[in-house]
Amino acid sequence: MSSTPAVEALDLVKRFGENTAVDHVSFVVPQGTVLGLLGPNGAGKTTTVRMLTTLSVPTSGTGRVAGHDVVKEPDAVRRSMGLTGQAATVDELLTGRENLRLIGRLSGLSRRYVAEATDSLLERFALSDAANRTVKTYSGGMRRRLDLAVSLIAAPPVLFLDEPTTGLDPRSRSELWEVLRGLVRDGTTLLLTTQYLEEADHLADDIVVIDKGRVIAAGTPTQLKDQAGRASVVLTLTNASDLARAADLVRSCSPEIHVEHAARRITAQAGGLGDMTRIGEVIADSGIQVDDLGLKRPSLDDVFLHLTGHRAEDGHEEAAAEDAGGHTESDSFEEAVR
Amino acid sequence: MTSISTTGLPTAEARPTINPPSLLQASGTIVWRNLIHIKRMPEMLLDVTVQSVMFVLLFAYVFGGSIAVAGSSYREFLLPGIMVQTMVFSSAVVAMGLTNDLQKGIVDRLKSLPISRASVLVGRSISSLIHSSIGIAVMGVTGLLVGWRIRSDLADATLGFLLLLLFGFAMVWLGIWVGSMMRTVEAVQGLMFTVMFPLTFVANTFAPTENMPDWLRVIAEWNPVSSLTQACRQLWGNAPAAPADAAWPLQHAVLMSVVWAFVLTAIFAPLALSAFRRRSRD
């Protein structure tokens with residue numbers, strides 16, 4: 001069993017009329033790992049998740065969740081996974097407790113189990129005080145936490161999260177990240193979509209970059225960053241008067257350097273740690289005083305720019321065009337977020 | 001306020017036993033949820049309570065004096081008509097509820113669970129019929145206050161209410177069809193009110209059809225709403241049988257109410273299911 005991947009996308013295709021929202025997407029998520037599906041708005045992330053969670057039927061291709069085929073065995077898939085949708089799909093007129101009870105009972109859990117799990121989830125997600133209040137009164141962060149708690153009531157081995165932190169303030173976001181890391185420690189497999197490069201970088205073991213329905217890159221965050229270009233050594237001097245001398249020394253170690261006078265900073269292209277050590281030694285020998293010396297890898301932002309020619313957050317126009325093609329249930333939410 | 005503990009969450013190894021609920025159990029749970037909505041937002045009932053009472057009072061006191069009804073008092077004549085109108089409007093209640101759940105992603109969440117997808121519709125239908133029945137009850141009481149009485153025996157009286165429910169069931173399918181196709185609750189409201197008002201007014205609900213222009217009278221008397229209204233009036237002893245020159249469906253009102261309910265179900269149920277399924281595939 002442990003060799004069965006938790007999630008597999010097998011050549012998934014989804015067309016809405018003329019529009020191809022997902023175009024031959026394949027990937028594998030090993031058990032106990034986190035896959036980040038990264039892409040701009042409208043890239044096809046949500047549609048991919050909807051197919052893998054049996055909400056949408058693929059035009060062709062299929063997927064497997066916990067070894068079950070999403071097209072042929074949707075019921076087995078539904079028993080094996082939890083889903084936290086793009087909009088926090090908790091019921092506003094129900095209390096937190098009632099939301100958990102609703103989904104718990106519909107998940108096929110016994111009354112007693114639901115009662116116990118509800119209490120412990122409310123406590124663990126810091127919602128006990130708000131348990132008997134209607135969700136209408138909750139803050140955005142509380143709704144997301146409740147949404148996640150609801151998805152966890154049946155303790156699914158695989159959890160899908162569609163843009164789990166969109167619209168959250170930075171503090172709520174990092175709290176949610178902490179919760180997600182805890183889940184992974186306990187053995188849950190996560191597949192999360194995000195348009196935040198930082199989020200994928202923080203949480204994911206593997207990243208699949210998707211743009212206009214196609215997978216354009218896949219790998220660990222580090223591999224992807226390496227693909228985007230070489231790292232550089234960044235040297236910040238204490239005194240601007242040393243800049244010229246330092247620049248000459250660094251030039252002897254690196255073919256291409258860039259000097260910023262105002263910032264007293266020299267950026268040198270580097271192959272890796274070895275170059276940094278070499279530059280460090282040369283500068284130390286020269287007696288020039290240094291404020292900071294570091295290796296800067298390209299960020300995932302740079303990766304995305306490199307791969308697609310546009311920034312991750314620039315995809316809104318394409319998103320609108322693609323969504324108009326048929327995928328409508330999330331439109332209202334995306335509009336709300338914008 | 002927030003310190004979220006990240007240990008001890010339910011884990012993949014310690015999964016609880018899962019016995020997917022039957023269609024009936026799942027529908028029951030969804031009805032429970034929908035009834036909580038009514039409890040939390042009693043204004044949802046305004047359409048079938050205050051509005052219906054207002055209709056009873058308006059027609060009884062404002063128009064009632066000017067509408068002559070053969071063989072009956074206008075208030076006795078009116079009550080079954082308004083009850084039928086309320087039942088017809090249950091299609092709007094279903095449609096608005098369904099569209100709202102679709103729009104908010106609740107249907108998606110339900111669809112991701114190991115339940116029969118039909119339970120989403122069954123649950124919605126049952127709670128909408130309960131919703132409309134509350135309206136019928138409120139109207140019945142209002143009717144009793146203004147002088148409406150059931151003048152028949154228990155069996156006929158019950159049959160009248162069963163016909164109302166049966167017709168409501170057919171209307172539910174219309175509601176599911178509309179609800180599955182529309183994108184916003186406002187659109188549903190706009191469409192339903194535009195269609196439902198003529199449908200319930202071009203009939204014998206509020207005024208006898210005898211005085212209508214000939215062409216309109218034919219439409220009104222073949223309107224399924226008229227058969228049901230006439231059936232309820234006869235069954236409750238609120239009006240004599242339809243006049244001899246009335247169209248055939250009014251002469252056989254009880255039978256035709258049943259037939260209409262089945263015909264409408266046969267038309268709208270396949271449309272509703274295919275629209276919901278189409279929406280569910282994306």
# chains A, B, ... in the order shown; residues from 1 in each chain; ligands from 1
$ residues_around --residues "Thr165 in chain A" --least-positions-apart "3" --cutoff "8 Å" --atoms "only C-alpha atoms" --output "PyMOL selection string"
chain A and resi 144+168+173+176
$ write_last_selection --atoms "C-alpha atoms" --output "short mmCIF file (atom, residue, chain, number, x, y, z; two decimals), in the first residue's frame"
data_model
loop_
_atom_site.label_atom_id
_atom_site.label_comp_id
_atom_site.auth_asym_id
_atom_site.auth_seq_id
_atom_site.Cartn_x
_atom_site.Cartn_y
_atom_site.Cartn_z
CA ARG A 144 -10.81 29.05 6.52
CA LEU A 168 -6.04 35.85 4.15
CA ARG A 173 -1.75 32.64 6.38
CA LEU A 176 -2.67 28.00 8.36
#
$ residues_around --residues "Gln51 in chain B" --least-positions-apart "5" --cutoff "12 Å" --atoms "only C-alpha atoms" --output "PyMOL selection string"
chain B and resi 43-46+56-58+82-83+85-86+89+135-136+138-139+142
$ write_last_selection --atoms "C-alpha atoms" --output "short mmCIF file (atom, residue, chain, number, x, y, z; two decimals), in the first residue's frame"
data_model
loop_
_atom_site.label_atom_id
_atom_site.label_comp_id
_atom_site.auth_asym_id
_atom_site.auth_seq_id
_atom_site.Cartn_x
_atom_site.Cartn_y
_atom_site.Cartn_z
CA GLU B 43 -37.65 36.22 6.73
CA MET B 44 -37.13 33.43 4.19
CA LEU B 45 -40.71 32.52 5.01
CA LEU B 46 -42.04 35.98 4.21
CA VAL B 56 -55.85 36.97 1.35
CA LEU B 57 -56.68 40.28 2.98
CA LEU B 58 -56.22 42.34 -0.20
CA ILE B 82 -54.28 31.45 -2.98
CA MET B 83 -53.19 28.10 -1.57
CA GLN B 85 -50.69 29.94 -5.91
CA THR B 86 -48.42 29.30 -2.92
CA PHE B 89 -44.46 29.31 -6.07
CA GLY B 135 -47.42 28.87 4.07
CA ILE B 136 -50.54 26.77 3.48
CA VAL B 138 -50.64 30.11 7.88
CA MET B 139 -53.09 30.84 5.11
CA THR B 142 -55.99 33.42 8.12
#
$ residues_around --residues "range 221-225 of chain B" --least-positions-apart "4" --cutoff "9 Å" --atoms "only C-alpha atoms" --output "PyMOL selection string"
chain B and resi 81+84-85+88+199-200+202-205+209+216-217+229-230+246-250+256-257+260-261
$ write_last_selection --atoms "N, CA and C atoms" --output "PDB file, in the first residue's frame"
ATOM      1  N   GLY B  81     -57.696  29.212  -4.096  1.00  0.00           N
ATOM      2  CA  GLY B  81     -56.895  29.824  -5.159  1.00  0.00           C
ATOM      3  C   GLY B  81     -55.540  30.284  -4.650  1.00  0.00           C
ATOM      4  N   VAL B  84     -53.240  27.377  -3.874  1.00  0.00           N
ATOM      5  CA  VAL B  84     -52.641  26.823  -5.085  1.00  0.00           C
ATOM      6  C   VAL B  84     -51.498  27.728  -5.562  1.00  0.00           C
ATOM      7  N   GLN B  85     -51.742  29.028  -5.495  1.00  0.00           N
ATOM      8  CA  GLN B  85     -50.686  29.943  -5.906  1.00  0.00           C
ATOM      9  C   GLN B  85     -49.415  29.722  -5.075  1.00  0.00           C
ATOM     10  N   VAL B  88     -47.646  26.673  -6.318  1.00  0.00           N
ATOM     11  CA  VAL B  88     -46.957  26.919  -7.591  1.00  0.00           C
ATOM     12  C   VAL B  88     -45.642  27.644  -7.320  1.00  0.00           C
ATOM     13  N   LEU B 199     -49.017  32.992 -14.822  1.00  0.00           N
ATOM     14  CA  LEU B 199     -49.469  31.607 -14.744  1.00  0.00           C
ATOM     15  C   LEU B 199     -50.535  31.434 -13.663  1.00  0.00           C
ATOM     16  N   THR B 200     -50.363  32.128 -12.538  1.00  0.00           N
ATOM     17  CA  THR B 200     -51.342  31.950 -11.466  1.00  0.00           C
ATOM     18  C   THR B 200     -52.514  32.919 -11.582  1.00  0.00           C
ATOM     19  N   VAL B 202     -53.777  34.111 -14.815  1.00  0.00           N
ATOM     20  CA  VAL B 202     -54.607  33.719 -15.961  1.00  0.00           C
ATOM     21  C   VAL B 202     -55.173  32.343 -15.637  1.00  0.00           C
ATOM     22  N   ALA B 203     -56.086  32.311 -14.709  1.00  0.00           N
ATOM     23  CA  ALA B 203     -56.673  31.067 -14.217  1.00  0.00           C
ATOM     24  C   ALA B 203     -57.884  31.444 -13.391  1.00  0.00           C
ATOM     25  N   ASN B 204     -58.481  30.457 -12.750  1.00  0.00           N
ATOM     26  CA  ASN B 204     -59.674  30.751 -11.951  1.00  0.00           C
ATOM     27  C   ASN B 204     -59.322  31.039 -10.497  1.00  0.00           C
ATOM     28  N   THR B 205     -58.019  31.326 -10.230  1.00  0.00           N
ATOM     29  CA  THR B 205     -57.581  31.489  -8.846  1.00  0.00           C
ATOM     30  C   THR B 205     -58.263  32.645  -8.143  1.00  0.00           C
ATOM     31  N   THR B 209     -63.625  32.333 -14.392  1.00  0.00           N
ATOM     32  CA  THR B 209     -63.211  32.453 -15.787  1.00  0.00           C
ATOM     33  C   THR B 209     -64.364  32.839 -16.713  1.00  0.00           C
ATOM     34  N   LEU B 216     -59.139  34.091 -23.849  1.00  0.00           N
ATOM     35  CA  LEU B 216     -58.433  34.035 -22.573  1.00  0.00           C
ATOM     36  C   LEU B 216     -59.039  32.954 -21.680  1.00  0.00           C
ATOM     37  N   ARG B 217     -60.361  32.816 -21.801  1.00  0.00           N
ATOM     38  CA  ARG B 217     -61.051  31.838 -20.976  1.00  0.00           C
ATOM     39  C   ARG B 217     -60.546  30.429 -21.293  1.00  0.00           C
ATOM     40  N   THR B 229     -57.209  24.308  -8.626  1.00  0.00           N
ATOM     41  CA  THR B 229     -58.006  25.217  -7.811  1.00  0.00           C
ATOM     42  C   THR B 229     -59.462  24.739  -7.755  1.00  0.00           C
ATOM     43  N   GLN B 230     -59.984  24.403  -8.916  1.00  0.00           N
ATOM     44  CA  GLN B 230     -61.364  23.916  -8.966  1.00  0.00           C
ATOM     45  C   GLN B 230     -61.505  22.648  -8.125  1.00  0.00           C
ATOM     46  N   ALA B 246     -67.939  25.278 -19.126  1.00  0.00           N
ATOM     47  CA  ALA B 246     -66.498  25.360 -18.847  1.00  0.00           C
ATOM     48  C   ALA B 246     -65.760  24.260 -19.601  1.00  0.00           C
ATOM     49  N   ALA B 247     -64.461  24.460 -19.815  1.00  0.00           N
ATOM     50  CA  ALA B 247     -63.660  23.479 -20.556  1.00  0.00           C
ATOM     51  C   ALA B 247     -63.595  22.143 -19.813  1.00  0.00           C
ATOM     52  N   TRP B 248     -63.279  21.119 -20.575  1.00  0.00           N
ATOM     53  CA  TRP B 248     -63.285  19.751 -20.055  1.00  0.00           C
ATOM     54  C   TRP B 248     -62.449  19.574 -18.775  1.00  0.00           C
ATOM     55  N   PRO B 249     -61.223  20.145 -18.712  1.00  0.00           N
ATOM     56  CA  PRO B 249     -60.408  19.938 -17.503  1.00  0.00           C
ATOM     57  C   PRO B 249     -61.098  20.435 -16.234  1.00  0.00           C
ATOM     58  N   LEU B 250     -61.941  21.459 -16.362  1.00  0.00           N
ATOM     59  CA  LEU B 250     -62.618  21.955 -15.168  1.00  0.00           C
ATOM     60  C   LEU B 250     -63.790  21.062 -14.788  1.00  0.00           C
ATOM     61  N   MET B 256     -58.102  15.705 -13.418  1.00  0.00           N
ATOM     62  CA  MET B 256     -57.138  16.470 -14.196  1.00  0.00           C
ATOM     63  C   MET B 256     -56.003  17.035 -13.347  1.00  0.00           C
ATOM     64  N   SER B 257     -56.254  17.331 -12.069  1.00  0.00           N
ATOM     65  CA  SER B 257     -55.156  17.800 -11.216  1.00  0.00           C
ATOM     66  C   SER B 257     -54.097  16.725 -11.097  1.00  0.00           C
ATOM     67  N   TRP B 260     -52.406  16.453 -14.590  1.00  0.00           N
ATOM     68  CA  TRP B 260     -51.475  17.571 -14.807  1.00  0.00           C
ATOM     69  C   TRP B 260     -50.187  17.385 -14.005  1.00  0.00           C
ATOM     70  N   ALA B 261     -50.343  16.953 -12.745  1.00  0.00           N
ATOM     71  CA  ALA B 261     -49.149  16.780 -11.904  1.00  0.00           C
ATOM     72  C   ALA B 261     -48.197  15.780 -12.549  1.00  0.00           C
TER      73      ALA B 261
END
$ closest_atom_pairs --of "chain A" --to "chain B" --cutoff "6 Å" --atoms "only C-alpha atoms" --output "Markdown table"
| residue | atom | partner | partner_atom | distance |
| --- | --- | --- | --- | --- |
| A:Ser56 | CA | B:Asp282 | CA | 4.6 |
| A:Val57 | CA | B:Arg281 | CA | 5.3 |
| A:Asp75 | CA | B:Pro114 | CA | 5.6 |
| A:Arg78 | CA | B:Pro114 | CA | 5.3 |
| A:Arg79 | CA | B:Pro114 | CA | 5.8 |
| A:Thr89 | CA | B:Gly105 | CA | 5.5 |
| A:Leu93 | CA | B:His37 | CA | 6.0 |
| A:Leu106 | CA | B:Ala26 | CA | 6.0 |
| A:Ser107 | CA | B:Leu113 | CA | 5.8 |
| A:Gly108 | CA | B:Pro20 | CA | 4.2 |
| A:Leu109 | CA | B:Ile18 | CA | 5.3 |
| A:Arg124 | CA | B:Ser5 | CA | 5.4 |
| A:Phe125 | CA | B:Ile4 | CA | 5.3 |
| A:Ala126 | CA | B:Thr2 | CA | 5.6 |
| A:Ala155 | CA | B:Pro10 | CA | 5.2 |
| A:Pro157 | CA | B:Ala12 | CA | 4.5 |
| A:Val179 | CA | B:Thr6 | CA | 5.3 |
| A:Gly182 | CA | B:Thr6 | CA | 4.8 |
| A:Asp186 | CA | B:Thr11 | CA | 5.8 |
$ write_last_selection --atoms "C-alpha atoms" --output "compact mmCIF listing (two decimals), in the first residue's frame"
# COMPACT_ATOMS: atom_id res chain seq x y z
CA SER A 56 -15.89 17.46 -12.69
CA VAL A 57 -15.68 14.68 -15.24
CA ASP A 75 -17.39 6.77 -4.43
CA ARG A 78 -14.80 10.43 -2.10
CA ARG A 79 -14.25 8.20 0.91
CA THR A 89 -17.60 26.53 1.46
CA LEU A 93 -26.28 30.22 8.57
CA LEU A 106 -22.89 13.04 5.42
CA SER A 107 -19.42 11.52 5.41
CA GLY A 108 -20.93 8.37 6.89
CA LEU A 109 -19.50 8.71 10.39
CA ARG A 124 -7.54 22.29 17.83
CA PHE A 125 -8.49 25.00 15.39
CA ALA A 126 -9.08 27.51 18.18
CA ALA A 155 -9.55 11.97 8.79
CA PRO A 157 -5.47 10.32 4.05
CA VAL A 179 -1.55 23.64 10.63
CA GLY A 182 1.27 19.48 11.26
CA ASP A 186 0.94 13.12 10.88
$ atom_distance --atom1 "CA of Pro270 in chain B" --atom2 "CA of Ile176 in chain B"
10.5 Å
$ select_by_dssp --residues "range 31-212 of chain A" --states "strand (DSSP E or B)" --output "PyMOL selection string"
chain A and resi 34-38+60-65+68-69+81-84+95+134+158-162+189-194+206-211
$ residues_around --residues "Val282 in chain A" --least-positions-apart "5" --cutoff "12 Å" --atoms "only C-alpha atoms" --output "list in words"
Arg245, Ala246, Ala247, Asp248, Leu249, Val250, Arg251, Ser252, Cys253, Ser254, Asp275, Met276, Thr277, Gly287, Ile288, Gln289 and Val290 of chain A
$ residues_around --residues "Ala6 in chain A" --least-positions-apart "3" --cutoff "10 Å" --atoms "only C-alpha atoms" --output "list in words"
Met1, Ser2, Ser3, Val28, Val29, Pro30, Gln31, Gly32, Thr33, Arg64, Val65, Ala66, Gly67, His68, Ser80, Met81, Pro157, Val158, Leu159, Thr188, Thr189, Leu190 and Leu191 of chain A
$ residues_around --residues "range 152-157 of chain B" --least-positions-apart "4" --cutoff "9 Å" --atoms "only C-alpha atoms" --output "JSON, numbers by chain"
{"B": [161, 162, 232, 234, 235, 236, 237, 238]}
$ write_last_selection --atoms "N, CA and C atoms" --output "compact mmCIF listing (two decimals), in the first residue's frame"
# COMPACT_ATOMS: atom_id res chain seq x y z
N PHE B 161 -55.78 18.50 0.20
CA PHE B 161 -54.41 18.86 0.59
C PHE B 161 -53.38 17.96 -0.09
N LEU B 162 -53.73 16.68 -0.28
CA LEU B 162 -52.80 15.77 -0.97
C LEU B 162 -52.59 16.21 -2.41
N CYS B 232 -59.75 21.68 -5.50
CA CYS B 232 -59.71 21.99 -4.07
C CYS B 232 -61.05 22.62 -3.63
N GLN B 234 -63.98 22.21 -4.89
CA GLN B 234 -65.05 21.20 -4.82
C GLN B 234 -64.84 20.29 -3.62
N LEU B 235 -63.59 19.85 -3.44
CA LEU B 235 -63.31 18.90 -2.36
C LEU B 235 -63.55 19.52 -0.99
N TRP B 236 -63.35 20.83 -0.88
CA TRP B 236 -63.55 21.47 0.42
C TRP B 236 -64.94 22.09 0.55
N GLY B 237 -65.75 21.90 -0.49
CA GLY B 237 -67.10 22.44 -0.42
C GLY B 237 -67.17 23.95 -0.50
N ASN B 238 -66.17 24.56 -1.17
CA ASN B 238 -66.13 26.02 -1.27
C ASN B 238 -66.79 26.56 -2.53
$ atom_distance --atom1 "CA of Glu73 in chain A" --atom2 "CA of Val7 in chain A"
14.0 Å
$ select_by_dssp --residues "range 60-273 of chain B" --states "helix (DSSP H, G or I)" --output "PyMOL selection string"
chain B and resi 60-66+74-88+90-103+106-111+118-146+154-181+185-201+209-211+214-222+224-235+248-251+253-273
$ closest_residue --among "A:Arg15, A:Arg230, A:Arg112, A:His306" --to "Ala217 in chain A" --atoms "only C-alpha atoms"
A:His306
$ atom_distance --atom1 "CA of Met96 in chain B" --atom2 "CA of Val185 in chain B"
5.4 Å
$ residues_around --residues "Arg297 in chain A" --least-positions-apart "4" --cutoff "8 Å" --atoms "only C-alpha atoms" --output "MDAnalysis selection string"
chainID A and resid 225:226 230:232
$ closest_residue --among "A:Val303, A:Val259, A:Leu203, A:Ala240" --to "Gly36 in chain A" --atoms "only C-alpha atoms"
A:Leu203
$ closest_residue --among "B:Val69, B:Met54, B:Ala170, B:Ala266" --to "Pro240 in chain B" --atoms "only C-alpha atoms"
B:Val69
